[in-house]
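Pasted below: run_20.pdb, PDB, C-alpha atoms.
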ATOM      1  CA  MET A   8     -22.933  13.868 -35.730  1.00  0.00           C
ATOM      2  CA  ARG A   9     -23.624  10.508 -37.398  1.00  0.00           C
ATOM      3  CA  GLY A  10     -20.310  10.697 -39.253  1.00  0.00           C
ATOM      4  CA  ALA A  11     -18.408  11.317 -36.032  1.00  0.00           C
ATOM      5  CA  TYR A  12     -20.172   8.382 -34.402  1.00  0.00           C
ATOM      6  CA  GLN A  13     -19.289   6.084 -37.304  1.00  0.00           C
ATOM      7  CA  LYS A  14     -15.641   7.165 -37.147  1.00  0.00           C
ATOM      8  CA  TRP A  15     -15.612   6.456 -33.400  1.00  0.00           C
ATOM      9  CA  ARG A  16     -17.064   2.975 -33.987  1.00  0.00           C
ATOM     10  CA  LEU A  17     -14.432   2.331 -36.667  1.00  0.00           C
ATOM     11  CA  LEU A  18     -11.679   3.401 -34.258  1.00  0.00           C
ATOM     12  CA  ILE A  19     -12.948   1.070 -31.554  1.00  0.00           C
ATOM     13  CA  ALA A  20     -13.256  -1.799 -34.041  1.00  0.00           C
ATOM     14  CA  THR A  21      -9.717  -1.202 -35.323  1.00  0.00           C
ATOM     15  CA  CYS A  22      -8.301  -1.214 -31.786  1.00  0.00           C
ATOM     16  CA  SER A  23     -10.161  -4.458 -31.054  1.00  0.00           C
ATOM     17  CA  VAL A  24      -8.710  -6.117 -34.161  1.00  0.00           C
ATOM     18  CA  VAL A  25      -5.168  -4.995 -33.280  1.00  0.00           C
ATOM     19  CA  LEU A  26      -5.498  -6.411 -29.757  1.00  0.00           C
ATOM     20  CA  ALA A  27      -6.993  -9.665 -31.052  1.00  0.00           C
ATOM     21  CA  LEU A  28      -4.149 -10.115 -33.529  1.00  0.00           C
ATOM     22  CA  ALA A  29      -1.580  -9.429 -30.801  1.00  0.00           C
ATOM     23  CA  LEU A  30      -3.125 -12.033 -28.505  1.00  0.00           C
ATOM     24  CA  ALA A  31      -3.218 -14.544 -31.347  1.00  0.00           C
ATOM     25  CA  ALA A  32       0.426 -14.034 -32.346  1.00  0.00           C
ATOM     26  CA  PRO A  33       2.440 -17.204 -33.120  1.00  0.00           C
ATOM     27  CA  ALA A  34       4.417 -18.891 -30.352  1.00  0.00           C
ATOM     28  CA  SER A  35       7.716 -17.817 -31.924  1.00  0.00           C
ATOM     29  CA  ALA A  36       6.915 -14.252 -30.895  1.00  0.00           C
ATOM     30  CA  GLY A  37       7.419 -15.257 -27.264  1.00  0.00           C
ATOM     31  CA  LYS A  38       4.980 -15.908 -24.442  1.00  0.00           C
ATOM     32  CA  VAL A  39       5.415 -12.533 -22.720  1.00  0.00           C
ATOM     33  CA  ASP A  40       6.190  -9.321 -24.563  1.00  0.00           C
ATOM     34  CA  PRO A  41       9.334  -7.749 -23.002  1.00  0.00           C
ATOM     35  CA  LYS A  42       7.633  -4.366 -22.637  1.00  0.00           C
ATOM     36  CA  ALA A  43       4.703  -5.982 -20.849  1.00  0.00           C
ATOM     37  CA  ALA A  44       7.088  -7.936 -18.598  1.00  0.00           C
ATOM     38  CA  LYS A  45       8.972  -4.758 -17.685  1.00  0.00           C
ATOM     39  CA  ALA A  46       5.800  -2.855 -16.798  1.00  0.00           C
ATOM     40  CA  PHE A  47       4.478  -5.788 -14.767  1.00  0.00           C
ATOM     41  CA  ALA A  48       7.796  -6.246 -12.927  1.00  0.00           C
ATOM     42  CA  ALA A  49       7.808  -2.606 -11.824  1.00  0.00           C
ATOM     43  CA  MET A  50       4.273  -2.976 -10.442  1.00  0.00           C
ATOM     44  CA  ASP A  51       5.130  -6.314  -8.845  1.00  0.00           C
ATOM     45  CA  GLU A  52       8.113  -4.902  -6.953  1.00  0.00           C
ATOM     46  CA  TYR A  53       6.121  -1.886  -5.796  1.00  0.00           C
ATOM     47  CA  LEU A  54       3.196  -3.961  -4.497  1.00  0.00           C
ATOM     48  CA  ALA A  55       5.541  -6.440  -2.781  1.00  0.00           C
ATOM     49  CA  LYS A  56       6.867  -3.672  -0.519  1.00  0.00           C
ATOM     50  CA  LEU A  57       3.466  -2.623   0.771  1.00  0.00           C
ATOM     51  CA  GLN A  58       2.628  -3.424   4.377  1.00  0.00           C
ATOM     52  CA  SER A  59      -0.754  -1.756   4.222  1.00  0.00           C
ATOM     53  CA  VAL A  60      -2.941  -0.134   1.601  1.00  0.00           C
ATOM     54  CA  VAL A  61      -6.288   1.643   1.415  1.00  0.00           C
ATOM     55  CA  ILE A  62      -7.987   1.621  -1.992  1.00  0.00           C
ATOM     56  CA  GLU A  63     -11.168   3.131  -3.367  1.00  0.00           C
ATOM     57  CA  GLY A  64     -12.444   2.432  -6.848  1.00  0.00           C
ATOM     58  CA  GLU A  65     -15.322   2.360  -9.295  1.00  0.00           C
ATOM     59  CA  ILE A  66     -16.560  -1.131 -10.113  1.00  0.00           C
ATOM     60  CA  THR A  67     -18.393  -2.382 -13.191  1.00  0.00           C
ATOM     61  CA  ASP A  68     -19.727  -5.940 -13.129  1.00  0.00           C
ATOM     62  CA  GLU A  69     -21.545  -7.712 -15.940  1.00  0.00           C
ATOM     63  CA  THR A  70     -24.068 -10.518 -15.424  1.00  0.00           C
ATOM     64  CA  VAL A  71     -25.567 -12.815 -18.051  1.00  0.00           C
ATOM     65  CA  PHE A  72     -29.161 -13.811 -17.440  1.00  0.00           C
ATOM     66  CA  ASP A  73     -30.981 -16.895 -18.771  1.00  0.00           C
ATOM     67  CA  GLY A  74     -32.796 -14.927 -21.439  1.00  0.00           C
ATOM     68  CA  GLY A  75     -29.500 -14.077 -23.130  1.00  0.00           C
ATOM     69  CA  HIS A  76     -29.233 -10.564 -21.785  1.00  0.00           C
ATOM     70  CA  LYS A  77     -25.844  -9.304 -20.629  1.00  0.00           C
ATOM     71  CA  LEU A  78     -26.465  -6.494 -18.166  1.00  0.00           C
ATOM     72  CA  GLN A  79     -23.956  -4.144 -16.622  1.00  0.00           C
ATOM     73  CA  PHE A  80     -24.108  -2.972 -13.019  1.00  0.00           C
ATOM     74  CA  GLY A  81     -22.014  -0.322 -11.324  1.00  0.00           C
ATOM     75  CA  GLY A  82     -20.829   0.474  -7.857  1.00  0.00           C
ATOM     76  CA  THR A  83     -17.978   1.597  -5.672  1.00  0.00           C
ATOM     77  CA  GLY A  84     -15.549  -0.489  -3.686  1.00  0.00           C
ATOM     78  CA  THR A  85     -13.261   0.137  -0.723  1.00  0.00           C
ATOM     79  CA  LEU A  86     -10.441  -2.163   0.334  1.00  0.00           C
ATOM     80  CA  TYR A  87      -8.219  -2.063   3.418  1.00  0.00           C
ATOM     81  CA  VAL A  88      -5.346  -4.545   3.640  1.00  0.00           C
ATOM     82  CA  GLN A  89      -2.888  -4.935   6.501  1.00  0.00           C
ATOM     83  CA  ALA A  90      -0.159  -7.558   6.093  1.00  0.00           C
ATOM     84  CA  PRO A  91      -0.064 -10.393   6.815  1.00  0.00           C
ATOM     85  CA  ASP A  92      -3.626 -11.403   7.700  1.00  0.00           C
ATOM     86  CA  ARG A  93      -6.120  -8.541   7.867  1.00  0.00           C
ATOM     87  CA  LEU A  94      -8.580  -7.304   5.274  1.00  0.00           C
ATOM     88  CA  PHE A  95     -11.719  -5.220   5.080  1.00  0.00           C
ATOM     89  CA  ALA A  96     -13.677  -4.746   1.858  1.00  0.00           C
ATOM     90  CA  GLU A  97     -16.947  -2.967   1.202  1.00  0.00           C
ATOM     91  CA  ILE A  98     -19.085  -2.920  -1.934  1.00  0.00           C
ATOM     92  CA  ASN A  99     -21.854  -0.400  -2.587  1.00  0.00           C
ATOM     93  CA  GLY A 100     -23.418  -1.279  -5.907  1.00  0.00           C
ATOM     94  CA  ASP A 101     -26.581  -1.373  -7.938  1.00  0.00           C
ATOM     95  CA  ILE A 102     -27.430  -4.916  -6.887  1.00  0.00           C
ATOM     96  CA  GLN A 103     -25.159  -5.602  -3.907  1.00  0.00           C
ATOM     97  CA  ARG A 104     -24.158  -3.901  -0.677  1.00  0.00           C
ATOM     98  CA  ARG A 105     -21.791  -6.080   1.279  1.00  0.00           C
ATOM     99  CA  SER A 106     -18.894  -5.931   3.719  1.00  0.00           C
ATOM    100  CA  PHE A 107     -16.087  -8.453   4.201  1.00  0.00           C
ATOM    101  CA  TYR A 108     -13.839  -8.847   7.217  1.00  0.00           C
ATOM    102  CA  LEU A 109     -10.718 -10.946   7.729  1.00  0.00           C
ATOM    103  CA  ASN A 110      -9.038 -10.530  11.081  1.00  0.00           C
ATOM    104  CA  LYS A 111      -6.262 -12.938  12.027  1.00  0.00           C
ATOM    105  CA  GLY A 112      -8.015 -16.087  10.861  1.00  0.00           C
ATOM    106  CA  LYS A 113     -11.597 -14.983  11.466  1.00  0.00           C
ATOM    107  CA  PHE A 114     -13.727 -14.211   8.411  1.00  0.00           C
ATOM    108  CA  ALA A 115     -17.136 -12.560   8.212  1.00  0.00           C
ATOM    109  CA  MET A 116     -19.310 -11.351   5.351  1.00  0.00           C
ATOM    110  CA  PHE A 117     -22.339  -9.124   5.902  1.00  0.00           C
ATOM    111  CA  ASP A 118     -25.072  -8.367   3.351  1.00  0.00           C
ATOM    112  CA  ARG A 119     -26.791  -5.107   4.238  1.00  0.00           C
ATOM    113  CA  ASP A 120     -29.741  -5.646   1.891  1.00  0.00           C
ATOM    114  CA  ILE A 121     -30.949  -8.818   3.586  1.00  0.00           C
ATOM    115  CA  ASN A 122     -29.401  -8.069   7.005  1.00  0.00           C
ATOM    116  CA  ALA A 123     -27.625 -11.430   7.115  1.00  0.00           C
ATOM    117  CA  TYR A 124     -24.055 -12.548   7.725  1.00  0.00           C
ATOM    118  CA  VAL A 125     -21.789 -15.577   7.682  1.00  0.00           C
ATOM    119  CA  THR A 126     -18.692 -16.293   9.733  1.00  0.00           C
ATOM    120  CA  LEU A 127     -16.058 -18.998   9.451  1.00  0.00           C
ATOM    121  CA  PRO A 128     -12.484 -19.693  10.517  1.00  0.00           C
ATOM    122  CA  LEU A 129      -9.810 -19.050   7.904  1.00  0.00           C
ATOM    123  CA  PRO A 130      -6.446 -19.562   9.632  1.00  0.00           C
ATOM    124  CA  GLY A 131      -3.208 -18.662   7.931  1.00  0.00           C
ATOM    125  CA  SER A 132      -2.146 -15.757   5.782  1.00  0.00           C
ATOM    126  CA  LEU A 133      -4.290 -13.480   3.655  1.00  0.00           C
ATOM    127  CA  LYS A 134      -3.231 -15.521   0.634  1.00  0.00           C
ATOM    128  CA  ASP A 135      -4.420 -18.746   2.262  1.00  0.00           C
ATOM    129  CA  ALA A 136      -7.757 -17.199   3.225  1.00  0.00           C
ATOM    130  CA  VAL A 137      -8.495 -15.730  -0.207  1.00  0.00           C
ATOM    131  CA  ARG A 138      -7.524 -18.979  -1.923  1.00  0.00           C
ATOM    132  CA  LYS A 139      -9.854 -21.026   0.302  1.00  0.00           C
ATOM    133  CA  LEU A 140     -12.706 -18.572  -0.211  1.00  0.00           C
ATOM    134  CA  GLY A 141     -12.374 -19.114  -3.940  1.00  0.00           C
ATOM    135  CA  LYS A 142     -11.853 -22.873  -4.041  1.00  0.00           C
ATOM    136  CA  THR A 143     -14.163 -23.951  -1.232  1.00  0.00           C
ATOM    137  CA  TYR A 144     -16.879 -21.330  -1.204  1.00  0.00           C
ATOM    138  CA  GLY A 145     -16.889 -19.936  -4.741  1.00  0.00           C
ATOM    139  CA  LEU A 146     -16.190 -16.400  -3.593  1.00  0.00           C
ATOM    140  CA  SER A 147     -13.826 -14.488  -5.898  1.00  0.00           C
ATOM    141  CA  MET A 148     -11.825 -11.492  -4.655  1.00  0.00           C
ATOM    142  CA  PRO A 149      -9.918 -10.325  -7.754  1.00  0.00           C
ATOM    143  CA  VAL A 150      -8.553  -7.079  -6.284  1.00  0.00           C
ATOM    144  CA  ALA A 151      -7.220  -8.814  -3.175  1.00  0.00           C
ATOM    145  CA  GLU A 152      -5.658 -11.464  -5.415  1.00  0.00           C
ATOM    146  CA  LEU A 153      -3.926  -8.740  -7.415  1.00  0.00           C
ATOM    147  CA  LEU A 154      -2.298  -7.468  -4.215  1.00  0.00           C
ATOM    148  CA  MET A 155      -0.813 -10.876  -3.358  1.00  0.00           C
ATOM    149  CA  ARG A 156       2.450 -11.643  -5.092  1.00  0.00           C
ATOM    150  CA  SER A 157       1.941 -15.356  -5.705  1.00  0.00           C
ATOM    151  CA  THR A 158      -1.491 -14.918  -7.275  1.00  0.00           C
ATOM    152  CA  ARG A 159      -0.723 -11.852  -9.393  1.00  0.00           C
ATOM    153  CA  ARG A 160       2.391 -13.523 -10.804  1.00  0.00           C
ATOM    154  CA  MET A 161       0.085 -16.219 -12.136  1.00  0.00           C
ATOM    155  CA  LEU A 162      -1.150 -13.606 -14.604  1.00  0.00           C
ATOM    156  CA  LEU A 163       2.199 -13.881 -16.359  1.00  0.00           C
ATOM    157  CA  GLU A 164       3.199 -17.438 -15.513  1.00  0.00           C
ATOM    158  CA  ASP A 165      -0.104 -19.097 -16.428  1.00  0.00           C
ATOM    159  CA  SER A 166      -1.028 -16.972 -19.435  1.00  0.00           C
ATOM    160  CA  GLU A 167      -0.718 -18.335 -22.937  1.00  0.00           C
ATOM    161  CA  ARG A 168       0.120 -14.863 -24.200  1.00  0.00           C
ATOM    162  CA  VAL A 169       0.862 -11.475 -22.610  1.00  0.00           C
ATOM    163  CA  VAL A 170       1.075  -8.413 -24.861  1.00  0.00           C
ATOM    164  CA  TYR A 171       2.001  -4.778 -24.507  1.00  0.00           C
ATOM    165  CA  VAL A 172      -0.971  -2.873 -25.892  1.00  0.00           C
ATOM    166  CA  GLY A 173       0.564   0.591 -25.585  1.00  0.00           C
ATOM    167  CA  LYS A 174       0.393   3.859 -23.707  1.00  0.00           C
ATOM    168  CA  SER A 175      -2.975   4.970 -22.419  1.00  0.00           C
ATOM    169  CA  ARG A 176      -4.682   7.226 -19.892  1.00  0.00           C
ATOM    170  CA  VAL A 177      -6.981   6.335 -17.012  1.00  0.00           C
ATOM    171  CA  ARG A 178      -8.717   9.220 -15.271  1.00  0.00           C
ATOM    172  CA  GLY A 179      -6.160  11.474 -16.992  1.00  0.00           C
ATOM    173  CA  LYS A 180      -3.203   9.536 -15.539  1.00  0.00           C
ATOM    174  CA  ALA A 181      -0.547   8.212 -17.948  1.00  0.00           C
ATOM    175  CA  CYS A 182      -0.468   4.406 -17.922  1.00  0.00           C
ATOM    176  CA  GLN A 183       0.966   1.404 -19.710  1.00  0.00           C
ATOM    177  CA  HIS A 184      -1.680  -0.994 -20.966  1.00  0.00           C
ATOM    178  CA  ILE A 185      -0.896  -4.718 -20.958  1.00  0.00           C
ATOM    179  CA  ALA A 186      -3.168  -7.710 -21.579  1.00  0.00           C
ATOM    180  CA  GLY A 187      -3.095 -11.474 -21.358  1.00  0.00           C
ATOM    181  CA  LYS A 188      -4.998 -14.618 -22.271  1.00  0.00           C
ATOM    182  CA  MET A 189      -5.163 -17.261 -19.550  1.00  0.00           C
ATOM    183  CA  GLY A 190      -7.285 -20.326 -20.170  1.00  0.00           C
ATOM    184  CA  GLU A 191     -10.933 -19.337 -19.944  1.00  0.00           C
ATOM    185  CA  ALA A 192     -10.186 -15.767 -18.938  1.00  0.00           C
ATOM    186  CA  ASP A 193      -8.724 -12.674 -20.537  1.00  0.00           C
ATOM    187  CA  TRP A 194      -7.252  -9.939 -18.361  1.00  0.00           C
ATOM    188  CA  GLN A 195      -6.096  -6.369 -18.849  1.00  0.00           C
ATOM    189  CA  LEU A 196      -4.025  -4.124 -16.615  1.00  0.00           C
ATOM    190  CA  TRP A 197      -3.305  -0.420 -16.813  1.00  0.00           C
ATOM    191  CA  ILE A 198      -0.178   0.411 -14.789  1.00  0.00           C
ATOM    192  CA  SER A 199       0.780   3.954 -13.901  1.00  0.00           C
ATOM    193  CA  SER A 200       3.855   5.263 -15.714  1.00  0.00           C
ATOM    194  CA  GLU A 201       3.992   8.382 -13.542  1.00  0.00           C
ATOM    195  CA  GLY A 202       5.091   8.152  -9.909  1.00  0.00           C
ATOM    196  CA  GLU A 203       4.375   4.840  -8.184  1.00  0.00           C
ATOM    197  CA  PRO A 204       3.873   1.999 -10.713  1.00  0.00           C
ATOM    198  CA  ARG A 205       0.544   0.991  -9.208  1.00  0.00           C
ATOM    199  CA  PRO A 206      -2.499  -0.454 -10.954  1.00  0.00           C
ATOM    200  CA  CYS A 207      -4.861   2.172 -12.373  1.00  0.00           C
ATOM    201  CA  LYS A 208      -7.437  -0.181 -13.884  1.00  0.00           C
ATOM    202  CA  TYR A 209      -8.033  -3.927 -13.933  1.00  0.00           C
ATOM    203  CA  VAL A 210     -10.383  -5.891 -16.207  1.00  0.00           C
ATOM    204  CA  ILE A 211     -11.198  -9.617 -16.222  1.00  0.00           C
ATOM    205  CA  THR A 212     -13.271 -11.237 -18.983  1.00  0.00           C
ATOM    206  CA  ASP A 213     -14.814 -14.634 -18.194  1.00  0.00           C
ATOM    207  CA  LEU A 214     -14.718 -16.671 -21.413  1.00  0.00           C
ATOM    208  CA  SER A 215     -16.257 -19.746 -19.767  1.00  0.00           C
ATOM    209  CA  ILE A 216     -19.676 -18.072 -19.767  1.00  0.00           C
ATOM    210  CA  PRO A 217     -21.608 -17.282 -22.972  1.00  0.00           C
ATOM    211  CA  MET A 218     -21.412 -13.586 -23.912  1.00  0.00           C
ATOM    212  CA  ALA A 219     -18.166 -13.268 -21.899  1.00  0.00           C
ATOM    213  CA  PRO A 220     -19.123 -11.006 -18.968  1.00  0.00           C
ATOM    214  CA  GLN A 221     -16.493  -8.656 -17.544  1.00  0.00           C
ATOM    215  CA  PHE A 222     -15.497  -7.412 -14.130  1.00  0.00           C
ATOM    216  CA  SER A 223     -13.557  -4.163 -13.994  1.00  0.00           C
ATOM    217  CA  ILE A 224     -12.332  -1.699 -11.423  1.00  0.00           C
ATOM    218  CA  VAL A 225     -10.826   1.759 -11.886  1.00  0.00           C
ATOM    219  CA  PHE A 226      -8.733   2.746  -8.877  1.00  0.00           C
ATOM    220  CA  ASP A 227      -9.659   6.295  -7.873  1.00  0.00           C
ATOM    221  CA  SER A 228      -7.760   6.515  -4.580  1.00  0.00           C
ATOM    222  CA  TRP A 229      -4.664   4.621  -3.455  1.00  0.00           C
ATOM    223  CA  LYS A 230      -2.932   5.167  -0.099  1.00  0.00           C
ATOM    224  CA  SER A 231       0.166   3.102   0.591  1.00  0.00           C
ATOM    225  CA  ASN A 232       1.671   2.092   3.946  1.00  0.00           C
ATOM    226  CA  VAL A 233      -0.848   3.997   6.049  1.00  0.00           C
ATOM    227  CA  LYS A 234      -1.787   3.201   9.633  1.00  0.00           C
ATOM    228  CA  ILE A 235      -5.133   1.407   9.763  1.00  0.00           C
ATOM    229  CA  PRO A 236      -6.997   1.185  13.095  1.00  0.00           C
ATOM    230  CA  ALA A 237      -7.342  -2.413  14.285  1.00  0.00           C
ATOM    231  CA  ALA A 238     -11.080  -1.866  14.780  1.00  0.00           C
ATOM    232  CA  ARG A 239     -11.494  -1.522  11.000  1.00  0.00           C
ATOM    233  CA  PHE A 240     -11.063  -5.300  10.653  1.00  0.00           C
ATOM    234  CA  GLU A 241     -13.387  -6.326  13.481  1.00  0.00           C
ATOM    235  CA  PHE A 242     -16.913  -7.473  12.730  1.00  0.00           C
ATOM    236  CA  THR A 243     -19.795  -6.989  15.145  1.00  0.00           C
ATOM    237  CA  PRO A 244     -23.164  -8.264  13.928  1.00  0.00           C
ATOM    238  CA  PRO A 245     -25.734  -5.455  13.681  1.00  0.00           C
ATOM    239  CA  LYS A 246     -28.811  -5.702  15.852  1.00  0.00           C
ATOM    240  CA  GLY A 247     -31.369  -8.042  14.344  1.00  0.00           C
ATOM    241  CA  ALA A 248     -28.987  -9.491  11.739  1.00  0.00           C
ATOM    242  CA  GLU A 249     -29.415 -13.191  10.964  1.00  0.00           C
ATOM    243  CA  GLU A 250     -26.484 -15.585  10.817  1.00  0.00           C
ATOM    244  CA  ILE A 251     -26.642 -18.020   7.904  1.00  0.00           C
ATOM    245  CA  GLU A 252     -24.647 -21.125   7.004  1.00  0.00           C
ATOM    246  CA  ALA A 253     -21.553 -20.671   4.839  1.00  0.00           C
ATOM    247  CA  ILE A 254     -22.311 -23.405   2.290  1.00  0.00           C
ATOM    248  CA  ASP A 255     -21.837 -21.263  -0.818  1.00  0.00           C
ATOM    249  CA  LEU A 256     -20.976 -17.666  -0.041  1.00  0.00           C
ATOM    250  CA  GLN A 257     -21.399 -16.546  -3.622  1.00  0.00           C
ATOM    251  CA  GLY A 258     -24.813 -18.137  -3.980  1.00  0.00           C
ATOM    252  CA  ALA A 259     -25.978 -17.196  -0.488  1.00  0.00           C
ATOM    253  CA  VAL A 260     -25.099 -13.524  -0.622  1.00  0.00           C
ATOM    254  CA  GLY A 261     -24.215 -12.982  -4.300  1.00  0.00           C
ATOM    255  CA  GLY A 262     -21.472 -11.752  -6.642  1.00  0.00           C
ATOM    256  CA  LYS A 263     -17.758 -10.940  -6.387  1.00  0.00           C
ATOM    257  CA  PRO A 264     -16.108  -8.321  -4.138  1.00  0.00           C
TER     258      PRO A 264
END
Output the file's structure as structure tokens, nothing else.
Amino acid sequence: MRGAYQKWRLLIATCSVVLALALAAPASAGKVDPKAAKAFAAMDEYLAKLQSVVIEGEITDETVFDGGHKLQFGGTGTLYVQAPDRLFAEINGDIQRRSFYLNKGKFAMFDRDINAYVTLPLPGSLKDAVRKLGKTYGLSMPVAELLMRSTRRMLLEDSERVVYVGKSRVRGKACQHIAGKMGEADWQLWISSEGEPRPCKYVITDLSIPMAPQFSIVFDSWKSNVKIPAARFEFTPPKGAEEIEAIDLQGAVGGKP
């Protein structure tokens, strides 16, 4: 048993070295590997045609505490998107249970653990709203960003290096694994090579924080161009819920959706 474990550790270490060497390849090798570009382009074209999508996935989020401990927390996430300006997201996790609503310029976030919510106007498109949430309020929505063409293309355009890692499997589904290095973040994408070229798994590593915590999601269910009831995007405060000021959404109600 110990021998098998040691062999498994050696395999993981070898794979890590191969990926590190690929990401550190000299500039003459080219910024974006052609195989990675081809896989990304197929996904990009597929996502660009979506008018609506309903996604369910398993989330893993790492947090670094002051004592130097990097802890991992799990949960599930659901995302409804209706172009051009509607979104509903729900997180049920170990340390967070929250819902997010964007309905034609009106945004709301509700934390079920503390029975509190914030609302604010976010006029414009879904892209405009998500960008403002990140820049002004410190609230990151990585999955929603992946669905928007301008922001997901930044993964290729702003990365110092994008490599094709190889063929892989996620939940038994054949995928193409690509990875990139972009400033203070590393990212990895697994894109289905069977049927629709949709994302199967997405990982972001934050290099700006000591111990480099990761956020990851494995997409378990993906329904494209489905009819979503308008009521799904409407927020009604629960009885007894307290409205709080939207100074810092991340600090006030915690974490990333």
Å distance separating CA of Lys113 in chain A from CA of Val150 in chain A, one decimal place: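 Distance between the two atoms: 19.7 Å.
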Non-local contacts of Gln79 in chain A (7 Å; all atoms listed in the file; under 5 positions in same chain excluded) as a PyMOL selection string: chain A and resi 67-70
One-decimal distance in Å that lies between CA of Glu250 in chain A and CA of Leu109 in chain A: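 For CA of Leu109 in chain A relative to CA of Glu250 in chain A, the distance reads 16.7 Å.
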Closest of A:Asp118, A:Met148, A:Glu201, A:Asp193 to Val169 in chain A - atom-to-atom distances counting only C-alpha atoms: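 Once distances to Val169 in chain A are computed over only C-alpha atoms, the minimum belongs to A:Asp193.
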Nearby residues, (6.8, -2.0, -23.8) file frame, 10 Å, only C-alpha atoms, as number ranges by chain: A: 40-46, 170-174, 183-185
Who sits within 8 Å of Glu191 in chain A, all atoms listed in the file, same chain under 2 positions skipped, as a PyMOL selection string: chain A and resi 188-189+193+213-215
Nearest residue to Thr212 in chain A from the set A:Ala248, A:Val177, A:Leu133, A:Ala192 (distances using only C-alpha atoms):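 Of A:Ala248, A:Val177, A:Leu133, A:Ala192, the one nearest Thr212 in chain A, counting only C-alpha atoms, is A:Ala192.
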Which residues fall under the PyMOL selection byres ((chain A and resi 160) around 12) in this file, as a tab-separated table (two decimals) with C-alpha atoms, in the coordinates of the input?
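And here's out.tsv as it stands now:
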chain	number	residue	atom	x	y	z
A	44	ALA	CA	7.09	-7.94	-18.60
A	47	PHE	CA	4.48	-5.79	-14.77
A	48	ALA	CA	7.80	-6.25	-12.93
A	50	MET	CA	4.27	-2.98	-10.44
A	51	ASP	CA	5.13	-6.31	-8.85
A	52	GLU	CA	8.11	-4.90	-6.95
A	54	LEU	CA	3.20	-3.96	-4.50
A	55	ALA	CA	5.54	-6.44	-2.78
A	152	GLU	CA	-5.66	-11.46	-5.42
A	153	LEU	CA	-3.93	-8.74	-7.42
A	154	LEU	CA	-2.30	-7.47	-4.22
A	155	MET	CA	-0.81	-10.88	-3.36
A	156	ARG	CA	2.45	-11.64	-5.09
A	157	SER	CA	1.94	-15.36	-5.70
A	158	THR	CA	-1.49	-14.92	-7.28
A	159	ARG	CA	-0.72	-11.85	-9.39
A	161	MET	CA	0.08	-16.22	-12.14
A	162	LEU	CA	-1.15	-13.61	-14.60
A	163	LEU	CA	2.20	-13.88	-16.36
A	164	GLU	CA	3.20	-17.44	-15.51
A	165	ASP	CA	-0.10	-19.10	-16.43
A	166	SER	CA	-1.03	-16.97	-19.43
Best match for closeness to Glu65 in chain A among A:Asn232, A:Asn99, A:Ser132, A:Gln221, counting all atoms listed in the file: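 The shortest atom-to-atom distance to Glu65 in chain A comes from A:Asn99.
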Given the PyMOL selection byres ((chain A and resi 117) around 10), the residues it picks as a list in words: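 So the PyMOL selection byres ((chain A and resi 117) around 10) ends up selecting Glu97, Arg104, Arg105, Ser106, Phe107, Tyr108, Ala115, Met116, Asp118, Arg119, Asp120, Ile121, Asn122, Ala123, Tyr124, Val125, Thr126, Phe242, Thr243, Pro244, Pro245, Ala248, Glu249, Glu250 and Val260 of chain A.
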Test item: the PyMOL selection byres ((chain A and resi 112) around 7) resolved as a list in words: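 Output of the PyMOL selection byres ((chain A and resi 112) around 7): Leu109, Asn110, Lys111, Lys113, Phe114, Pro128, Leu129, Pro130 and Gly131 of chain A.
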Gap from CA of Val233 in chain A to CA of Gln89 in chain A - Å, one decimal: 9.2 Å
Nearest candidate to Gly179 in chain A (options A:Gln103, A:Ser147, A:Ser231, A:Ser200; using all atoms listed in the file):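 Smallest separation from Gly179 in chain A among the options: A:Ser200.
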Shortest interatomic distance to Ile62 in chain A - which of A:Gly75, A:Gly84, A:Ser175, A:Gly100, counting all atoms listed in the file: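 Smallest distance to Ile62 in chain A is found for A:Gly84.
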Give the padded box for range 150-168 of chain A as JSON: axis-aligned, covering all atoms listed in the file, 8 Å on each side, centre and edge lengths in Å to one decimal.
{"center_x": -2.7, "center_y": -13.1, "center_z": -13.7, "size_x": 27.8, "size_y": 28.0, "size_z": 37.0}
Residue nearest Ala151 in chain A among A:Lys180, A:Lys139, A:Lys134, A:Lys56 (counting all atoms listed in the file):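 The closest residue to Ala151 in chain A is A:Lys134.
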